[in-house]
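Chemist: See final.pdb below, with PDB, C-alpha atoms (C1' of nucleotides).
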MODEL        1
ATOM      1  CA  MET A   1     -15.870  14.968  93.431  1.00  0.00           C
ATOM      2  CA  LYS A   2     -12.944  16.880  92.068  1.00  0.00           C
ATOM      3  CA  THR A   3     -10.240  18.590  94.054  1.00  0.00           C
ATOM      4  CA  LEU A   4      -7.865  21.455  93.409  1.00  0.00           C
ATOM      5  CA  ILE A   5      -5.328  20.305  95.976  1.00  0.00           C
ATOM      6  CA  ARG A   6      -2.534  19.800  93.478  1.00  0.00           C
ATOM      7  CA  GLU A   7      -3.141  23.138  91.781  1.00  0.00           C
ATOM      8  CA  LYS A   8      -3.225  25.020  95.073  1.00  0.00           C
ATOM      9  CA  ARG A   9      -0.149  23.216  96.347  1.00  0.00           C
ATOM     10  CA  THR A  10       1.965  23.999  93.296  1.00  0.00           C
ATOM     11  CA  GLU A  11       0.800  27.617  93.487  1.00  0.00           C
ATOM     12  CA  LEU A  12       2.305  27.676  96.957  1.00  0.00           C
ATOM     13  CA  ASN A  13       5.467  26.041  95.611  1.00  0.00           C
ATOM     14  CA  ILE A  14       5.641  23.380  98.269  1.00  0.00           C
ATOM     15  CA  THR A  15       6.221  19.639  97.943  1.00  0.00           C
ATOM     16  CA  GLN A  16       3.843  16.894  98.964  1.00  0.00           C
ATOM     17  CA  GLU A  17       6.115  16.160 101.875  1.00  0.00           C
ATOM     18  CA  GLU A  18       6.122  19.753 103.086  1.00  0.00           C
ATOM     19  CA  LEU A  19       2.333  19.843 102.862  1.00  0.00           C
ATOM     20  CA  SER A  20       1.989  16.536 104.697  1.00  0.00           C
ATOM     21  CA  LYS A  21       4.115  17.916 107.544  1.00  0.00           C
ATOM     22  CA  ARG A  22       2.051  21.073 107.849  1.00  0.00           C
ATOM     23  CA  LEU A  23      -1.110  18.999 108.029  1.00  0.00           C
ATOM     24  CA  LYS A  24       0.427  16.285 110.180  1.00  0.00           C
ATOM     25  CA  VAL A  25      -0.647  13.474 107.915  1.00  0.00           C
ATOM     26  CA  SER A  26       1.416  10.993 105.942  1.00  0.00           C
ATOM     27  CA  ARG A  27       2.765  11.845 102.498  1.00  0.00           C
ATOM     28  CA  GLN A  28       0.848   8.870 101.188  1.00  0.00           C
ATOM     29  CA  THR A  29      -2.358  10.599 102.230  1.00  0.00           C
ATOM     30  CA  ILE A  30      -1.504  13.665 100.132  1.00  0.00           C
ATOM     31  CA  ILE A  31      -0.676  11.508  97.122  1.00  0.00           C
ATOM     32  CA  SER A  32      -3.946   9.612  97.409  1.00  0.00           C
ATOM     33  CA  LEU A  33      -5.998  12.786  97.817  1.00  0.00           C
ATOM     34  CA  GLU A  34      -4.389  14.494  94.813  1.00  0.00           C
ATOM     35  CA  LYS A  35      -4.905  11.370  92.733  1.00  0.00           C
ATOM     36  CA  GLY A  36      -8.533  11.161  93.813  1.00  0.00           C
ATOM     37  CA  LYS A  37      -8.093   7.722  95.346  1.00  0.00           C
ATOM     38  CA  TYR A  38     -10.278   8.709  98.236  1.00  0.00           C
ATOM     39  CA  LYS A  39     -11.936  11.668  99.883  1.00  0.00           C
ATOM     40  CA  PRO A  40     -10.506  13.448 102.919  1.00  0.00           C
ATOM     41  CA  SER A  41     -12.208  13.542 106.271  1.00  0.00           C
ATOM     42  CA  LEU A  42     -14.033  16.742 107.166  1.00  0.00           C
ATOM     43  CA  VAL A  43     -11.259  17.850 109.508  1.00  0.00           C
ATOM     44  CA  LEU A  44      -8.539  17.231 106.949  1.00  0.00           C
ATOM     45  CA  ALA A  45     -10.542  19.035 104.264  1.00  0.00           C
ATOM     46  CA  HIS A  46     -10.805  21.992 106.645  1.00  0.00           C
ATOM     47  CA  LYS A  47      -7.061  22.015 107.323  1.00  0.00           C
ATOM     48  CA  LEU A  48      -6.323  21.867 103.601  1.00  0.00           C
ATOM     49  CA  ALA A  49      -8.642  24.780 102.907  1.00  0.00           C
ATOM     50  CA  GLN A  50      -7.058  26.733 105.758  1.00  0.00           C
ATOM     51  CA  THR A  51      -3.593  26.064 104.390  1.00  0.00           C
ATOM     52  CA  PHE A  52      -4.617  27.310 100.958  1.00  0.00           C
ATOM     53  CA  GLY A  53      -6.581  30.256 102.274  1.00  0.00           C
ATOM     54  CA  CYS A  54      -9.859  29.197 100.711  1.00  0.00           C
ATOM     55  CA  THR A  55     -13.098  27.528 101.723  1.00  0.00           C
ATOM     56  CA  ILE A  56     -13.783  23.825 101.573  1.00  0.00           C
ATOM     57  CA  GLU A  57     -16.328  24.428  98.816  1.00  0.00           C
ATOM     58  CA  GLU A  58     -13.674  26.226  96.768  1.00  0.00           C
ATOM     59  CA  LEU A  59     -11.193  23.402  97.178  1.00  0.00           C
ATOM     60  CA  PHE A  60     -13.574  20.552  96.395  1.00  0.00           C
ATOM     61  CA  ILE A  61     -16.090  20.437  93.595  1.00  0.00           C
ATOM     62  CA  PHE A  62     -19.109  18.292  94.304  1.00  0.00           C
ATOM     63  CA  GLU A  63     -20.978  16.675  91.463  1.00  0.00           C
ATOM     64  CA  GLY A  64     -24.191  14.781  90.772  1.00  0.00           C
ATOM     65  CA  ASP A  65     -25.542  12.840  93.725  1.00  0.00           C
ATOM     66  CA  GLU A  66     -23.049  14.553  95.994  1.00  0.00           C
ATOM     67  CA  ASN A  67     -25.482  17.448  95.801  1.00  0.00           C
ATOM     68  CA  ILE A  68     -29.063  17.679  97.044  1.00  0.00           C
ATOM     69  CA  GLU A  69     -31.543  16.881  94.299  1.00  0.00           C
TER      70      GLU A  69
ATOM     71  CA  MET B   1     -15.609  20.021 116.619  1.00  0.00           C
ATOM     72  CA  LYS B   2     -19.027  21.455 117.274  1.00  0.00           C
ATOM     73  CA  THR B   3     -21.976  21.397 114.938  1.00  0.00           C
ATOM     74  CA  LEU B   4     -25.088  23.484 114.508  1.00  0.00           C
ATOM     75  CA  ILE B   5     -27.058  20.723 112.797  1.00  0.00           C
ATOM     76  CA  ARG B   6     -29.729  20.505 115.456  1.00  0.00           C
ATOM     77  CA  GLU B   7     -30.182  24.270 115.604  1.00  0.00           C
ATOM     78  CA  LYS B   8     -30.444  24.597 111.840  1.00  0.00           C
ATOM     79  CA  ARG B   9     -32.820  21.650 111.603  1.00  0.00           C
ATOM     80  CA  THR B  10     -35.212  22.973 114.206  1.00  0.00           C
ATOM     81  CA  GLU B  11     -35.119  26.352 112.509  1.00  0.00           C
ATOM     82  CA  LEU B  12     -36.379  24.573 109.404  1.00  0.00           C
ATOM     83  CA  ASN B  13     -39.030  22.837 111.511  1.00  0.00           C
ATOM     84  CA  ILE B  14     -38.297  19.377 110.185  1.00  0.00           C
ATOM     85  CA  THR B  15     -37.827  16.103 112.032  1.00  0.00           C
ATOM     86  CA  GLN B  16     -34.699  13.976 112.059  1.00  0.00           C
ATOM     87  CA  GLU B  17     -36.497  11.509 109.839  1.00  0.00           C
ATOM     88  CA  GLU B  18     -37.438  14.135 107.279  1.00  0.00           C
ATOM     89  CA  LEU B  19     -33.853  15.364 107.196  1.00  0.00           C
ATOM     90  CA  SER B  20     -32.478  11.848 106.830  1.00  0.00           C
ATOM     91  CA  LYS B  21     -34.756  11.295 103.831  1.00  0.00           C
ATOM     92  CA  ARG B  22     -33.646  14.487 102.128  1.00  0.00           C
ATOM     93  CA  LEU B  23     -30.020  13.493 102.596  1.00  0.00           C
ATOM     94  CA  LYS B  24     -30.623   9.827 101.833  1.00  0.00           C
ATOM     95  CA  VAL B  25     -28.919   8.620 104.957  1.00  0.00           C
ATOM     96  CA  SER B  26     -30.294   6.684 107.908  1.00  0.00           C
ATOM     97  CA  ARG B  27     -32.035   8.436 110.764  1.00  0.00           C
ATOM     98  CA  GLN B  28     -29.430   6.934 113.043  1.00  0.00           C
ATOM     99  CA  THR B  29     -26.787   8.903 111.202  1.00  0.00           C
ATOM    100  CA  ILE B  30     -28.588  12.185 111.916  1.00  0.00           C
ATOM    101  CA  ILE B  31     -28.943  11.306 115.584  1.00  0.00           C
ATOM    102  CA  SER B  32     -25.268  10.449 115.889  1.00  0.00           C
ATOM    103  CA  LEU B  33     -24.166  13.623 114.114  1.00  0.00           C
ATOM    104  CA  GLU B  34     -26.374  15.869 116.254  1.00  0.00           C
ATOM    105  CA  LYS B  35     -25.130  14.155 119.401  1.00  0.00           C
ATOM    106  CA  GLY B  36     -21.534  14.543 118.284  1.00  0.00           C
ATOM    107  CA  LYS B  37     -20.901  10.795 118.307  1.00  0.00           C
ATOM    108  CA  TYR B  38     -18.925  11.104 115.125  1.00  0.00           C
ATOM    109  CA  LYS B  39     -18.073  13.454 112.325  1.00  0.00           C
ATOM    110  CA  PRO B  40     -19.749  13.377 108.916  1.00  0.00           C
ATOM    111  CA  SER B  41     -17.938  12.552 105.718  1.00  0.00           C
ATOM    112  CA  LEU B  42     -17.032  15.482 103.497  1.00  0.00           C
ATOM    113  CA  VAL B  43     -19.855  14.721 101.078  1.00  0.00           C
ATOM    114  CA  LEU B  44     -22.442  14.472 103.838  1.00  0.00           C
ATOM    115  CA  ALA B  45     -21.191  17.694 105.408  1.00  0.00           C
ATOM    116  CA  HIS B  46     -21.633  19.360 102.032  1.00  0.00           C
ATOM    117  CA  LYS B  47     -25.186  18.070 101.633  1.00  0.00           C
ATOM    118  CA  LEU B  48     -26.065  19.239 105.134  1.00  0.00           C
ATOM    119  CA  ALA B  49     -24.702  22.706 104.443  1.00  0.00           C
ATOM    120  CA  GLN B  50     -26.593  22.808 101.145  1.00  0.00           C
ATOM    121  CA  THR B  51     -29.801  21.816 102.891  1.00  0.00           C
ATOM    122  CA  PHE B  52     -29.397  24.569 105.443  1.00  0.00           C
ATOM    123  CA  GLY B  53     -28.258  27.153 102.933  1.00  0.00           C
ATOM    124  CA  CYS B  54     -24.921  27.786 104.565  1.00  0.00           C
ATOM    125  CA  THR B  55     -21.280  26.832 104.131  1.00  0.00           C
ATOM    126  CA  ILE B  56     -19.584  23.868 105.730  1.00  0.00           C
ATOM    127  CA  GLU B  57     -17.489  26.218 107.834  1.00  0.00           C
ATOM    128  CA  GLU B  58     -20.645  27.879 109.141  1.00  0.00           C
ATOM    129  CA  LEU B  59     -22.219  24.566 110.071  1.00  0.00           C
ATOM    130  CA  PHE B  60     -19.197  23.066 111.794  1.00  0.00           C
ATOM    131  CA  ILE B  61     -16.926  24.809 114.252  1.00  0.00           C
ATOM    132  CA  PHE B  62     -13.387  23.480 114.292  1.00  0.00           C
ATOM    133  CA  GLU B  63     -11.314  23.737 117.421  1.00  0.00           C
ATOM    134  CA  GLY B  64      -7.759  23.279 118.647  1.00  0.00           C
ATOM    135  CA  ASP B  65      -5.740  20.780 116.648  1.00  0.00           C
ATOM    136  CA  GLU B  66      -8.458  20.666 114.020  1.00  0.00           C
ATOM    137  CA  ASN B  67      -6.943  23.937 112.884  1.00  0.00           C
ATOM    138  CA  ILE B  68      -3.512  24.651 111.452  1.00  0.00           C
ATOM    139  CA  GLU B  69      -1.094  25.807 114.118  1.00  0.00           C
TER     140      GLU B  69
ATOM    141  C1'  DC C   1      26.230   9.057  83.769  1.00  0.00           C
ATOM    142  C1'  DC C   2      25.351   9.462  88.760  1.00  0.00           C
ATOM    143  C1'  DT C   3      22.975  11.369  92.430  1.00  0.00           C
ATOM    144  C1'  DT C   4      19.306  13.550  94.706  1.00  0.00           C
ATOM    145  C1'  DA C   5      14.651  15.296  95.157  1.00  0.00           C
ATOM    146  C1'  DA C   6      10.031  14.581  94.115  1.00  0.00           C
ATOM    147  C1'  DT C   7       6.404  11.699  92.922  1.00  0.00           C
ATOM    148  C1'  DG C   8       4.376   7.282  92.551  1.00  0.00           C
ATOM    149  C1'  DT C   9       2.784   2.085  93.505  1.00  0.00           C
ATOM    150  C1'  DC C  10       1.669  -1.833  96.504  1.00  0.00           C
ATOM    151  C1'  DA C  11       0.157  -4.084 100.583  1.00  0.00           C
ATOM    152  C1'  DA C  12      -1.363  -4.920 105.283  1.00  0.00           C
ATOM    153  C1'  DG C  13      -3.335  -2.968 109.384  1.00  0.00           C
ATOM    154  C1'  DT C  14      -6.223   0.310 112.399  1.00  0.00           C
ATOM    155  C1'  DA C  15      -9.958   3.421 113.229  1.00  0.00           C
ATOM    156  C1'  DG C  16     -14.143   5.443 112.301  1.00  0.00           C
ATOM    157  C1'  DG C  17     -18.375   6.716 109.245  1.00  0.00           C
ATOM    158  C1'  DC C  18     -22.603   4.726 108.030  1.00  0.00           C
ATOM    159  C1'  DT C  19     -26.088   1.003 107.756  1.00  0.00           C
ATOM    160  C1'  DT C  20     -29.697  -1.981 109.595  1.00  0.00           C
ATOM    161  C1'  DT C  21     -32.707  -3.729 113.082  1.00  0.00           C
ATOM    162  C1'  DA C  22     -34.926  -3.738 117.222  1.00  0.00           C
ATOM    163  C1'  DC C  23     -36.285  -1.661 121.232  1.00  0.00           C
ATOM    164  C1'  DA C  24     -36.666   2.220 124.924  1.00  0.00           C
ATOM    165  C1'  DA C  25     -37.568   6.983 126.523  1.00  0.00           C
ATOM    166  C1'  DA C  26     -39.539  11.291 125.964  1.00  0.00           C
ATOM    167  C1'  DT C  27     -42.926  14.608 124.361  1.00  0.00           C
ATOM    168  C1'  DG C  28     -47.416  15.937 122.760  1.00  0.00           C
ATOM    169  C1'  DT C  29     -52.406  15.442 121.924  1.00  0.00           C
ATOM    170  C1'  DT C  30     -56.921  14.059 122.769  1.00  0.00           C
TER     171       DT C  30
ATOM    172  C1'  DA D   1     -54.733   7.478 130.949  1.00  0.00           C
ATOM    173  C1'  DA D   2     -53.841   6.178 126.287  1.00  0.00           C
ATOM    174  C1'  DC D   3     -51.898   6.750 121.935  1.00  0.00           C
ATOM    175  C1'  DA D   4     -48.802   8.701 118.249  1.00  0.00           C
ATOM    176  C1'  DT D   5     -44.787  11.149 117.125  1.00  0.00           C
ATOM    177  C1'  DT D   6     -40.186  12.177 117.890  1.00  0.00           C
ATOM    178  C1'  DT D   7     -35.921  11.257 119.773  1.00  0.00           C
ATOM    179  C1'  DG D   8     -32.697   8.067 121.768  1.00  0.00           C
ATOM    180  C1'  DT D   9     -29.648   3.596 122.713  1.00  0.00           C
ATOM    181  C1'  DA D  10     -27.261  -0.709 121.486  1.00  0.00           C
ATOM    182  C1'  DA D  11     -24.929  -3.903 118.663  1.00  0.00           C
ATOM    183  C1'  DA D  12     -23.139  -6.130 114.624  1.00  0.00           C
ATOM    184  C1'  DG D  13     -21.282  -5.511 110.034  1.00  0.00           C
ATOM    185  C1'  DC D  14     -19.383  -3.161 105.820  1.00  0.00           C
ATOM    186  C1'  DC D  15     -16.552   0.122 103.600  1.00  0.00           C
ATOM    187  C1'  DT D  16     -13.218   3.595 103.416  1.00  0.00           C
ATOM    188  C1'  DA D  17      -9.927   7.139 105.362  1.00  0.00           C
ATOM    189  C1'  DC D  18      -5.471   7.049 106.975  1.00  0.00           C
ATOM    190  C1'  DT D  19      -1.040   4.928 108.538  1.00  0.00           C
ATOM    191  C1'  DT D  20       3.467   2.706 107.920  1.00  0.00           C
ATOM    192  C1'  DG D  21       7.077   0.777 105.310  1.00  0.00           C
ATOM    193  C1'  DA D  22       9.416  -0.758 101.457  1.00  0.00           C
ATOM    194  C1'  DC D  23      10.381  -0.110  96.863  1.00  0.00           C
ATOM    195  C1'  DA D  24       9.831   2.004  91.736  1.00  0.00           C
ATOM    196  C1'  DT D  25       9.671   5.900  88.625  1.00  0.00           C
ATOM    197  C1'  DT D  26      10.536  10.481  86.906  1.00  0.00           C
ATOM    198  C1'  DA D  27      13.017  14.878  86.472  1.00  0.00           C
ATOM    199  C1'  DA D  28      16.996  17.998  87.352  1.00  0.00           C
ATOM    200  C1'  DG D  29      21.640  19.257  88.114  1.00  0.00           C
ATOM    201  C1'  DG D  30      26.613  18.340  88.603  1.00  0.00           C
TER     202       DG D  30
ENDMDL
END
As structure tokens, please, write out the structure in this file.
Modeler:
Amino acid sequence: MKTLIREKRTELNITQEELSKRLKVSRQTIISLEKGKYKPSLVLAHKLAQTFGCTIEELFIFEGDENIE
Amino acid sequence: MKTLIREKRTELNITQEELSKRLKVSRQTIISLEKGKYKPSLVLAHKLAQTFGCTIEELFIFEGDENIE
DNA sequence: CCTTAATGTCAAGTAGGCTTTACAAATGTT
DNA sequence: AACATTTGTAAAGCCTACTTGACATTAAGG
């Protein structure tokens, strides 16, 4: 799975810390998500998409066995 | 968070077991999701939406603090 | 340089998503 | 009533999302 979190965040011109405050998660969580260390929960993915004004499917790109075969 | 998994599944006329096989998860997982016992991972939410031919946001209804304030 | 802001790493702990197995309740069909 | 199908419950275990805190690196500006 790929994510466009970093791209969308820099488009908005906000820091990781600012984003983490808006979402009420730790800054570490933002770092890990942008770096692809793990995948967000459904609720957090929804909040991210809301923040960026896009859908979850636009923010995350699912690949291979993450899709129905 | 509310989900329309059960409604969408019955529309498709398939059993929990059939759905669990398509998604390659346990039947127990389907039961728990339909009953609202817990929330699916992002990948599973995506597969469910794909199966039902809708978006994640159409399949799950986020409420209150699950939205940005 | 020196400082500050922004980003990053590491590690330990908590909570919850998902699995497996086994068994019970409900619904339908003959 | 009897049987099969579908749905449900319970419990133990694994893995990972997320947290907190402390410290390292990079980049920018005075």
Chemist: Counting only C-alpha atoms (C1' of nucleotides), what is within 8 Å of DA17 (chain D), bar same-chain residues fewer than 6 positions away, as a PDB file with C-alpha atoms, in the frame of the given file?
Modeler:
ATOM      1  CA  TYR A  38     -10.278   8.709  98.236  1.00  0.00           C
ATOM      2  CA  LYS A  39     -11.936  11.668  99.883  1.00  0.00           C
ATOM      3  CA  PRO A  40     -10.506  13.448 102.919  1.00  0.00           C
ATOM      4  CA  SER A  41     -12.208  13.542 106.271  1.00  0.00           C
TER       5      SER A  41
END
Chemist: May I have the residues within 9 Å of region 7-16 of chain C as a VMD selection string, using all atoms listed in the file and disregarding those fewer than 6 positions away in the same chain?
Modeler: (chain A and resid 16 31) or (chain B and resid 38 to 39) or (chain D and resid 17 to 20 23 to 26)
Chemist: Write down, as a PyMOL selection string, each residue of chain B that has any atom within 12 Å of an atom of chain D, counting all atoms listed in the file.
Modeler: chain B and resi 6+14-18+27-28+30-32+34-35+41-42
Chemist: Can you tell me which residues surround Ile56 (chain B) at a distance of at most 7 Å, considering only C-alpha atoms (C1' of nucleotides), apart from same-chain residues fewer than 3 positions away, and format the answer as a PyMOL selection string?
Modeler: chain B and resi 45-46+49+59-60
Chemist: With the PyMOL selection byres ((chain B) within 12 of (chain A)) as the selection, what would be picked from this file? Answer as a PyMOL selection string, please.
Modeler: chain B and resi 1-2+19-24+38-69
Chemist: What do you get, as a PyMOL selection string, if you spell out every residue that the PyMOL selection byres ((chain C) within 12 of (chain B)) selects here?
Modeler: chain C and resi 15-21
Chemist: Provide the C1' of DT27 (chain C) to CA of Lys37 (chain B) distance in Å, to one decimal place.
Modeler: 23.2 Å
Chemist: Could you state the separation of CA of Glu7 (chain A) and C1' of DT3 (chain C) in Å, given to one decimal place?
Modeler: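 That distance, rounded to one decimal, is 28.7 Å.
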Chemist: Hey, can you check how far CA of Thr3 (chain A) sits from C1' of DA5 (chain C)?
Modeler: 25.1 Å
